[in-house]
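Below: model_24.cif (mmCIF, C-alpha atoms)
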```
data_query
#
loop_
_atom_site.label_atom_id
_atom_site.label_comp_id
_atom_site.auth_asym_id
_atom_site.auth_seq_id
_atom_site.Cartn_x
_atom_site.Cartn_y
_atom_site.Cartn_z
CA MET A 52 3.24 -4.69 36.10
CA ARG A 53 6.86 -5.01 37.29
CA LYS A 54 7.69 -6.99 34.16
CA TYR A 55 6.39 -4.23 31.84
CA LEU A 56 8.29 -1.61 33.86
CA VAL A 57 11.56 -3.56 33.37
CA LEU A 58 10.86 -4.10 29.66
CA ALA A 59 10.01 -0.42 29.17
CA SER A 60 13.20 0.68 30.92
CA ILE A 61 15.27 -1.71 28.73
CA VAL A 62 13.69 -0.34 25.54
CA LEU A 63 14.11 3.28 26.70
CA THR A 64 17.78 2.75 27.70
CA THR A 65 18.54 1.03 24.39
CA ALA A 66 16.92 3.88 22.43
CA VAL A 67 18.76 6.59 24.41
CA VAL A 68 22.16 4.82 24.14
CA ALA A 69 21.63 4.21 20.40
CA TYR A 70 20.66 7.86 19.82
CA VAL A 71 23.55 9.29 21.86
CA THR A 72 26.19 7.03 20.28
CA THR A 73 25.05 7.47 16.67
CA TYR A 74 23.33 10.84 16.03
CA LEU A 75 25.07 12.77 18.81
CA GLY A 76 28.43 11.08 18.05
CA ALA A 77 29.28 10.50 21.74
CA LEU A 78 31.91 7.85 20.91
CA GLY A 79 33.99 10.22 18.78
CA PRO A 80 35.37 9.36 15.34
CA LEU A 81 35.21 5.57 15.87
CA GLY A 82 36.35 3.30 13.08
CA LEU A 83 36.99 6.15 10.65
CA ASP A 84 40.70 6.34 11.31
CA THR A 85 43.19 4.53 13.49
CA ARG A 86 43.71 6.72 16.52
CA TYR A 87 47.09 8.23 17.35
CA LEU A 88 47.69 6.01 20.40
CA ALA A 89 46.83 2.88 18.41
CA LYS A 90 49.26 3.97 15.67
CA LEU A 91 51.97 4.46 18.29
CA PHE A 92 51.49 0.95 19.70
CA LEU A 93 51.23 -0.69 16.27
CA ALA A 94 54.42 1.04 15.16
CA ASN A 95 56.35 -0.06 18.25
CA THR A 96 55.15 -3.53 19.27
CA TYR A 97 57.36 -5.19 16.65
CA ASN A 98 60.01 -2.82 15.42
CA PRO A 99 63.61 -4.13 15.31
CA ALA A 100 64.78 -0.70 14.12
CA HIS A 101 63.85 0.92 17.46
CA ARG A 102 65.06 -1.54 20.08
CA GLU A 103 64.74 1.01 22.90
CA LEU A 104 60.99 1.43 22.21
CA THR A 105 59.80 -1.92 20.89
CA ALA A 106 58.54 -5.03 22.70
CA MET A 107 59.62 -7.21 19.73
CA SER A 108 56.28 -9.01 19.67
CA PRO A 109 53.67 -8.96 16.89
CA GLU A 110 50.98 -9.32 19.59
CA ALA A 111 50.11 -5.77 20.60
CA VAL A 112 48.00 -6.74 23.63
CA THR A 113 50.69 -8.93 25.24
CA SER A 114 53.27 -6.21 24.48
CA ILE A 115 51.16 -3.67 26.35
CA VAL A 116 50.20 -6.05 29.18
CA TRP A 117 53.69 -7.35 30.03
CA ASP A 118 56.01 -4.67 28.65
CA PHE A 119 54.59 -1.17 28.15
CA ARG A 120 52.43 -1.39 31.31
CA GLY A 121 54.14 -4.39 32.87
CA ILE A 122 54.02 -3.14 36.47
CA ASP A 123 50.20 -2.82 36.35
CA THR A 124 50.01 -6.48 35.35
CA LEU A 125 52.44 -7.39 38.10
CA TYR A 126 50.12 -5.81 40.66
CA GLU A 127 47.09 -7.52 39.09
CA THR A 128 48.91 -10.79 39.65
CA VAL A 129 49.55 -9.79 43.26
CA VAL A 130 45.82 -9.03 43.75
CA PHE A 131 44.92 -12.50 42.42
CA TYR A 132 47.60 -14.01 44.69
CA MET A 133 46.14 -12.27 47.75
CA ALA A 134 42.57 -13.33 46.85
CA ILE A 135 43.63 -16.97 46.82
CA ILE A 136 45.49 -16.57 50.10
CA ALA A 137 42.19 -15.29 51.55
CA ALA A 138 40.36 -18.38 50.25
CA LEU A 139 43.04 -20.65 51.71
CA ALA A 140 42.78 -18.81 55.03
CA ILE A 141 38.99 -19.34 55.20
CA TYR A 142 39.41 -23.06 54.49
CA ARG A 143 42.51 -23.39 56.70
CA GLY A 144 43.10 -26.84 58.13
CA VAL A 145 40.85 -28.52 55.54
CA SER A 146 42.52 -31.70 54.38
CA TYR A 147 41.87 -33.50 51.12
CA SER A 148 42.86 -36.89 52.52
CA ASN A 149 39.43 -37.80 53.95
CA VAL A 150 37.36 -36.84 50.88
CA ARG A 151 34.98 -39.68 50.08
CA ARG A 152 34.77 -41.09 46.57
CA GLY A 153 31.72 -39.60 44.85
CA SER A 154 29.87 -41.25 41.98
CA GLY A 155 30.13 -38.26 39.62
CA LEU A 156 28.04 -38.02 36.46
CA SER A 157 27.07 -40.75 33.98
CA LEU A 158 29.52 -42.92 32.02
CA ILE A 159 28.78 -41.07 28.76
CA VAL A 160 29.69 -37.71 30.28
CA LYS A 161 32.81 -39.23 31.85
CA VAL A 162 34.06 -40.69 28.55
CA VAL A 163 33.41 -37.44 26.65
CA THR A 164 35.19 -35.47 29.38
CA LYS A 165 38.13 -37.89 29.28
CA LEU A 166 38.51 -37.03 25.58
CA LEU A 167 38.06 -33.30 26.15
CA ILE A 168 40.55 -32.83 28.98
CA PRO A 169 43.74 -33.53 26.93
CA ILE A 170 42.45 -31.15 24.21
CA ASN A 171 41.76 -28.52 26.85
CA ILE A 172 45.29 -28.88 28.29
CA ALA A 173 46.85 -28.68 24.80
CA VAL A 174 44.87 -25.54 23.96
CA ALA A 175 45.83 -23.92 27.27
CA VAL A 176 49.55 -24.66 26.83
CA SER A 177 49.41 -23.38 23.26
CA ILE A 178 47.68 -20.13 24.31
CA ALA A 179 50.44 -19.60 26.92
CA ALA A 180 53.42 -20.55 24.77
CA HIS A 181 52.22 -18.55 21.75
CA GLY A 182 50.99 -15.64 23.87
CA HIS A 183 53.66 -13.32 22.42
CA LEU A 184 52.78 -14.28 18.81
CA THR A 185 49.00 -14.77 18.65
CA PRO A 186 46.06 -13.53 20.78
CA GLY A 187 46.26 -14.97 24.26
CA GLY A 188 48.73 -14.99 27.11
CA GLY A 189 49.30 -16.24 30.62
CA PHE A 190 45.97 -15.30 32.19
CA GLN A 191 43.92 -16.54 29.23
CA ALA A 192 45.77 -19.85 29.24
CA GLY A 193 45.43 -20.16 33.01
CA ALA A 194 41.67 -19.59 32.81
CA ALA A 195 41.44 -22.19 30.02
CA LEU A 196 43.31 -24.77 32.09
CA ALA A 197 41.21 -23.96 35.16
CA VAL A 198 38.19 -25.34 33.28
CA VAL A 199 39.86 -28.77 33.69
CA SER A 200 39.56 -28.42 37.47
CA VAL A 201 35.84 -27.65 37.15
CA LEU A 202 35.31 -30.65 34.83
CA LEU A 203 37.17 -32.94 37.24
CA ALA A 204 35.21 -31.73 40.25
CA VAL A 205 31.80 -31.84 38.56
CA VAL A 206 32.11 -34.89 36.29
CA TYR A 207 34.35 -37.17 38.38
CA SER A 208 33.71 -35.71 41.90
CA ALA A 209 36.25 -34.03 44.17
CA HIS A 210 37.91 -37.39 44.88
CA SER A 211 39.40 -37.37 41.35
CA PHE A 212 41.94 -34.75 42.51
CA VAL A 213 43.23 -37.23 45.10
CA GLU A 214 43.41 -40.01 42.47
CA LEU A 215 45.38 -37.77 40.09
CA GLY A 216 47.80 -36.78 42.85
CA VAL A 217 46.79 -33.10 42.74
CA ASN A 218 46.53 -32.05 46.37
CA LEU A 219 46.29 -28.58 47.86
CA SER A 220 49.94 -28.29 48.90
CA ARG A 221 51.11 -29.32 45.43
CA ALA A 222 48.79 -26.79 43.79
CA VAL A 223 50.04 -24.08 46.17
CA ALA A 224 53.66 -25.09 45.39
CA LEU A 225 53.09 -24.92 41.61
CA ARG A 226 51.36 -21.56 41.92
CA SER A 227 54.21 -20.22 44.06
CA ALA A 228 56.70 -21.54 41.49
CA GLY A 229 54.91 -19.46 38.83
CA LEU A 230 55.01 -16.35 41.01
CA LEU A 231 58.69 -16.91 41.86
CA ALA A 232 59.45 -17.22 38.15
CA ILE A 233 57.70 -13.86 37.53
CA ALA A 234 59.74 -12.29 40.36
CA LEU A 235 62.93 -13.79 38.90
CA VAL A 236 62.28 -12.20 35.50
CA VAL A 237 61.34 -8.88 37.14
CA PHE A 238 64.52 -8.70 39.25
CA THR A 239 67.03 -10.18 36.76
CA PRO A 240 67.97 -6.76 35.25
CA ILE A 241 68.54 -5.29 38.75
CA VAL A 242 70.74 -8.25 39.81
CA ILE A 243 72.80 -8.05 36.63
CA SER A 244 73.07 -4.30 37.05
CA ALA A 245 74.38 -4.76 40.61
CA LEU A 246 76.87 -7.45 39.53
CA THR A 247 78.27 -5.65 36.51
CA GLY A 248 77.91 -2.06 37.69
CA THR A 249 75.86 -1.05 34.64
CA GLN A 250 72.53 0.75 34.51
CA ALA A 251 69.35 -1.40 34.32
CA TYR A 252 65.72 -1.06 35.38
CA LEU A 253 63.11 -3.22 37.08
CA MET A 254 61.16 -5.32 34.54
CA GLN A 255 63.40 -4.07 31.72
CA ASN A 256 62.95 -6.02 28.51
CA TYR A 257 65.37 -4.57 25.95
CA VAL A 258 68.01 -1.89 25.71
CA LYS A 259 67.01 1.61 26.81
CA VAL A 260 68.63 4.93 25.95
CA ASP A 261 70.90 4.76 29.02
CA SER A 262 71.01 1.01 29.58
CA ALA A 263 72.57 -1.76 27.51
CA PHE A 264 70.81 -4.63 29.31
CA SER A 265 68.55 -6.78 27.12
CA PHE A 266 66.78 -10.12 27.28
CA PRO A 267 67.28 -12.26 24.15
CA ALA A 268 64.46 -11.63 21.64
CA HIS A 269 65.27 -14.78 19.64
CA VAL A 270 66.37 -18.30 20.52
CA GLN A 271 67.71 -20.22 17.52
CA SER A 272 66.02 -17.66 15.22
CA GLN A 273 62.66 -18.34 16.95
CA LEU A 274 61.04 -15.15 18.24
CA ILE A 275 60.51 -15.37 22.01
CA SER A 276 60.11 -11.59 22.56
CA GLY A 277 62.46 -11.25 25.53
CA THR A 278 60.61 -11.33 28.84
CA LEU A 279 57.15 -11.84 27.31
CA ILE A 280 57.31 -15.62 26.84
CA TRP A 281 58.67 -16.11 30.38
CA PHE A 282 56.00 -13.88 31.91
CA ASN A 283 53.28 -15.69 29.97
CA LEU A 284 54.46 -19.16 31.00
CA ALA A 285 54.93 -18.15 34.65
CA GLU A 286 51.55 -16.39 34.80
CA PHE A 287 49.97 -19.47 33.20
CA LEU A 288 51.28 -21.62 36.06
CA ALA A 289 50.30 -19.09 38.74
CA VAL A 290 46.77 -18.44 37.43
CA SER A 291 45.84 -22.02 36.50
CA PHE A 292 46.86 -23.47 39.86
CA GLY A 293 45.33 -20.49 41.66
CA PHE A 294 41.99 -21.44 40.06
CA PHE A 295 42.68 -25.12 40.80
CA ILE A 296 42.98 -24.26 44.51
CA ILE A 297 39.70 -22.31 44.44
CA PHE A 298 37.74 -25.10 42.72
CA MET A 299 39.33 -27.83 44.86
CA LEU A 300 38.16 -25.94 47.95
CA LEU A 301 34.70 -25.11 46.56
CA SER A 302 34.03 -28.69 45.45
CA LEU A 303 34.51 -30.04 49.00
CA ARG A 304 31.26 -31.13 50.62
CA GLU A 305 29.88 -28.72 53.18
CA GLU A 306 29.84 -31.38 55.94
CA VAL A 307 33.56 -32.09 55.48
CA VAL A 308 34.40 -28.39 55.68
CA ARG A 309 32.18 -27.84 58.73
CA GLU A 310 33.80 -30.82 60.44
CA TRP A 311 37.26 -29.30 59.99
CA VAL A 312 36.31 -25.71 60.80
CA GLY A 313 34.41 -26.99 63.88
CA LYS A 314 37.48 -28.88 65.02
CA GLU A 315 39.50 -25.69 65.03
CA ASP A 316 36.87 -23.84 67.10
CA GLU A 317 37.08 -26.46 69.84
CA HIS A 318 40.74 -25.68 70.52
CA MET B 4 25.47 -2.18 5.24
CA ASP B 5 28.22 -4.06 7.04
CA PHE B 6 27.01 -7.56 7.91
CA SER B 7 28.99 -7.61 11.16
CA LEU B 8 26.81 -4.75 12.42
CA VAL B 9 23.70 -6.89 11.87
CA LEU B 10 25.35 -9.74 13.78
CA LEU B 11 26.35 -7.29 16.54
CA ALA B 12 22.74 -6.13 16.88
CA LEU B 13 21.52 -9.73 16.91
CA PHE B 14 23.95 -10.89 19.61
CA SER B 15 23.29 -7.74 21.64
CA ALA B 16 19.58 -8.52 21.57
CA VAL B 17 20.25 -12.11 22.68
CA GLY B 18 22.53 -10.83 25.47
CA LEU B 19 19.97 -8.29 26.63
CA THR B 20 17.13 -10.83 26.63
CA PHE B 21 19.07 -13.35 28.70
CA THR B 22 20.31 -10.64 31.09
CA TYR B 23 16.66 -9.75 31.72
CA LEU B 24 15.73 -13.42 32.19
CA ALA B 25 18.66 -13.94 34.58
CA VAL B 26 17.60 -10.95 36.68
CA VAL B 27 13.91 -11.86 37.02
CA GLU B 28 14.37 -15.65 37.40
CA LYS B 29 13.75 -16.89 40.97
CA ASP B 30 15.34 -20.31 40.44
CA LEU B 31 19.03 -19.49 40.87
CA VAL B 32 20.31 -22.48 38.87
CA LYS B 33 18.24 -21.34 35.86
CA ALA B 34 19.47 -17.77 36.40
CA VAL B 35 23.10 -18.96 36.22
CA ILE B 36 22.36 -20.80 32.95
CA PHE B 37 20.71 -17.67 31.50
CA SER B 38 23.75 -15.67 32.59
CA ALA B 39 26.05 -18.17 30.81
CA ILE B 40 24.00 -17.83 27.60
CA GLN B 41 24.24 -14.04 27.88
CA SER B 42 28.04 -14.45 28.23
CA THR B 43 28.13 -16.60 25.09
CA ALA B 44 26.42 -13.76 23.18
CA TYR B 45 28.99 -11.33 24.60
CA VAL B 46 31.82 -13.64 23.43
CA ALA B 47 30.47 -13.32 19.87
CA ILE B 48 30.18 -9.52 20.28
CA LEU B 49 33.78 -9.24 21.53
CA TYR B 50 34.98 -11.39 18.63
CA LEU B 51 33.10 -9.19 16.13
CA LEU B 52 34.65 -6.11 17.76
CA ARG B 53 38.07 -7.68 17.03
CA ALA B 54 39.14 -8.29 20.61
CA PRO B 55 40.33 -11.93 20.45
CA ASP B 56 42.45 -11.56 23.60
CA ILE B 57 39.35 -10.70 25.61
CA VAL B 58 37.42 -13.55 23.95
CA LEU B 59 40.06 -16.02 25.12
CA VAL B 60 39.79 -14.89 28.72
CA TYR B 61 36.05 -14.15 28.73
CA LEU B 62 35.03 -17.53 27.32
CA PRO B 63 36.52 -19.79 30.03
CA VAL B 64 35.80 -17.34 32.85
CA ALA B 65 32.24 -16.27 32.00
CA VAL B 66 30.97 -19.55 30.54
CA GLY B 67 33.02 -22.07 32.56
CA LEU B 68 34.48 -20.83 35.82
CA TYR B 69 31.98 -18.18 36.93
CA PRO B 70 28.83 -20.33 36.51
CA ALA B 71 30.69 -23.23 38.13
CA ALA B 72 31.65 -21.12 41.14
CA LEU B 73 28.06 -19.84 41.43
CA LEU B 74 26.61 -23.36 41.13
CA PHE B 75 28.94 -24.61 43.88
CA LEU B 76 27.80 -21.72 46.07
CA ILE B 77 24.10 -22.33 45.27
CA GLY B 78 24.68 -26.00 46.17
CA LYS B 79 25.93 -24.87 49.58
CA THR B 80 23.04 -22.44 50.19
CA GLU B 81 19.48 -22.30 48.78
CA LYS B 82 18.27 -23.01 45.28
CA VAL B 83 15.35 -20.57 45.12
CA GLU B 84 15.56 -16.85 45.81
CA GLU B 85 13.06 -15.63 48.40
CA GLU B 86 11.11 -12.38 48.32
#
```
Would you kindly transcribe this structure into structure tokens?
Amino acid sequence: MRKYLVLASIVLTTAVVAYVTTYLGALGPLGLDTRYLAKLFLANTYNPAHRELTAMSPEAVTSIVWDFRGIDTLYETVVFYMAIIAALAIYRGVSYSNVRRGSGLSLIVKVVTKLLIPINIAVAVSIAAHGHLTPGGGFQAGAALAVVSVLLAVVYSAHSFVELGVNLSRAVALRSAGLLAIALVVFTPIVISALTGTQAYLMQNYVKVDSAFSFPAHVQSQLISGTLIWFNLAEFLAVSFGFFIIFMLLSLREEVVREWVGKEDEH
Amino acid sequence: MDFSLVLLALFSAVGLTFTYLAVVEKDLVKAVIFSAIQSTAYVAILYLLRAPDIVLVYLPVAVGLYPAALLFLIGKTEKVEEE
């Protein structure tokens, strides 16, 4: 009975949503014409003629994410940073040194994974480094690289992190390096403004109407889109090692964690 | 008729079916696998809707990281949902 009720509700919802979005036109004039806001972004994402408006990147999404609404993304990064601090706080005192060597999965899976991991790393680095040119960016690349941590934990067991020399403090250090790099790019215009006495703004990418400060858009005629490439690479580091920390902690055996957490309670 | 609309309808149906299966399934490991299949259908939908940036983030998160995190958590708790 419950099954038929669920099925009926799915069919009814689908029918109502289909009717409202097509015959009643609830989505507005979709697909008929490019909307005004989209036109505005497309005209300004790569436009060397308007340096005070453009992000100098053919990738509209990265331009919006790290330039036009850069401060939103900065706070998103902070939220992710805080979430990982919470995870580290729950697992505080847990050490990776006494993790026992697990057997992992079968040899076939291990060999296939060994071949896949370098490809995965290459794809992730490419998504990050080309984030200002093609679809992708720091978070996408970080999530792609984080899959490596899952593969290591599941296929080779948590001990593989120890063998590869990736321990928690190193992962935290690399993640902090990424966040420091983001902060450096954010505050560079302010520091230069203070040193030279000129006007500049937080997270400024290129010249504005009342400010001459600008990050270089090209290096050796290669388009790097000012701050965008640096933000993407730094976010890549911060996000990928943030996920590494999470999966290193989650892949620990429950007994090991209980042993450590119990130890702390005794004090 | 635009062929991408047919594909959209097809992948939506696959996504909906596996969402339903994931919700009613009592074995949590199976439910996570159904959820991952549903995410794969959504990846195709997002690609057809010309959102490659979202595809690049949705694919590793929804098919790789999220099921992995859930499986680790199921491993630490109970495999079968109780009434």
Would you kindly translate the PyMOL selection byres ((chain A) within 8 of (chain B)) into the concrete residues it picks from this file, as number ranges by chain?
A: 112, 186-188, 190-192, 194-195, 197-198, 201, 298, 301-302, 305
Contacts of Val290 (chain A) at 12 Å or less, counting only C-alpha atoms, minus same-chain residues fewer than 5 places along, as a PyMOL selection string?
(chain A and resi 127-132+134-135+175+179+188-198+222-223+225-230+233+282-285+295-297) or (chain B and resi 60+64)
Quick check on the file I pasted: which residues fall under the PyMOL selection byres ((chain B and resi 84) around 7)? Write them as a list in words.
Lys29, Asp30, Leu31, Lys82, Val83, Glu85 and Glu86 of chain B
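Evaluated against this file, the PyMOL selection byres ((chain A and resi 262) around 8) yields Thr249, Gln250, Ala251, Val258, Lys259, Val260, Asp261, Ala263 and Phe264 of chain A.
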So that I can check the surroundings of region 270-276 of chain A, please list as a list of chain:residue names every protein, DNA and RNA residue that reaches within 6 Å of it, counting only C-alpha atoms and ignoring chain neighbours fewer than 3 positions away.
A:Met107, A:Ser108, A:Leu279, A:Ile280
Dump of C-alpha atoms for the selected residues, as a PDB file, in the frame of the given file:
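Writing the result to result-v5.pdb gives the following:
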```pdb
ATOM      1  CA  MET A 107      59.620  -7.210  19.730  1.00  0.00           C
ATOM      2  CA  SER A 108      56.280  -9.010  19.670  1.00  0.00           C
ATOM      3  CA  LEU A 279      57.150 -11.840  27.310  1.00  0.00           C
ATOM      4  CA  ILE A 280      57.310 -15.620  26.840  1.00  0.00           C
TER       5      ILE A 280
END
```
I'd like the box whose edges run along x, y and z of the file and which contains every listed atom of region 282-285 of chain A, padded by 5 Å per side; could you state its centre and edge lengths in Å, one decimal, as lines of an AutoDock Vina configuration file?
```
center_x = 54.6
center_y = -16.5
center_z = 32.3
size_x = 12.7
size_y = 15.3
size_z = 14.7
```
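The coordinates place CA of Gly277 (chain A) at 14.4 Å from CA of Ala111 (chain A).
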What does the structure give for the distance between CA of Glu81 (chain B) and CA of Val57 (chain A), in Å to one decimal?
25.5 Å
Would you output region 19-56 of chain B from that structure, restricted to C-alpha atoms, as a short mmCIF file (atom, residue, chain, number, x, y, z; two decimals), in the first residue's frame?
```cif
data_model
loop_
_atom_site.label_atom_id
_atom_site.label_comp_id
_atom_site.auth_asym_id
_atom_site.auth_seq_id
_atom_site.Cartn_x
_atom_site.Cartn_y
_atom_site.Cartn_z
CA LEU B 19 13.68 9.58 -10.20
CA THR B 20 13.55 5.77 -10.17
CA PHE B 21 16.81 5.44 -8.27
CA THR B 22 15.83 8.22 -5.83
CA TYR B 23 12.70 6.20 -5.03
CA LEU B 24 14.73 2.99 -4.66
CA ALA B 25 17.25 4.75 -2.39
CA VAL B 26 14.46 6.07 -0.16
CA VAL B 27 12.59 2.77 0.28
CA GLU B 28 15.67 0.48 0.52
CA LYS B 29 16.31 -0.82 4.06
CA ASP B 30 19.85 -2.02 3.36
CA LEU B 31 21.83 1.21 3.69
CA VAL B 32 24.77 0.06 1.53
CA LYS B 33 22.37 -0.65 -1.35
CA ALA B 34 20.66 2.70 -0.74
CA VAL B 35 24.02 4.50 -1.09
CA ILE B 36 24.67 2.69 -4.39
CA PHE B 37 21.20 3.65 -5.68
CA SER B 38 21.91 7.24 -4.63
CA ALA B 39 25.21 7.17 -6.58
CA ILE B 40 23.39 5.91 -9.70
CA GLN B 41 20.84 8.70 -9.29
CA SER B 42 23.77 11.17 -9.10
CA THR B 43 25.23 9.74 -12.31
CA ALA B 44 21.90 10.46 -14.06
CA TYR B 45 21.99 14.00 -12.65
CA VAL B 46 25.56 14.44 -14.00
CA ALA B 47 24.22 13.68 -17.50
CA ILE B 48 21.29 16.10 -16.95
CA LEU B 49 23.64 18.89 -15.83
CA TYR B 50 25.87 18.28 -18.84
CA LEU B 51 22.87 18.42 -21.19
CA LEU B 52 21.78 21.68 -19.51
CA ARG B 53 25.25 23.06 -20.43
CA ALA B 54 26.60 23.42 -16.90
CA PRO B 55 30.04 21.77 -17.24
CA ASP B 56 31.39 23.57 -14.15
#
```
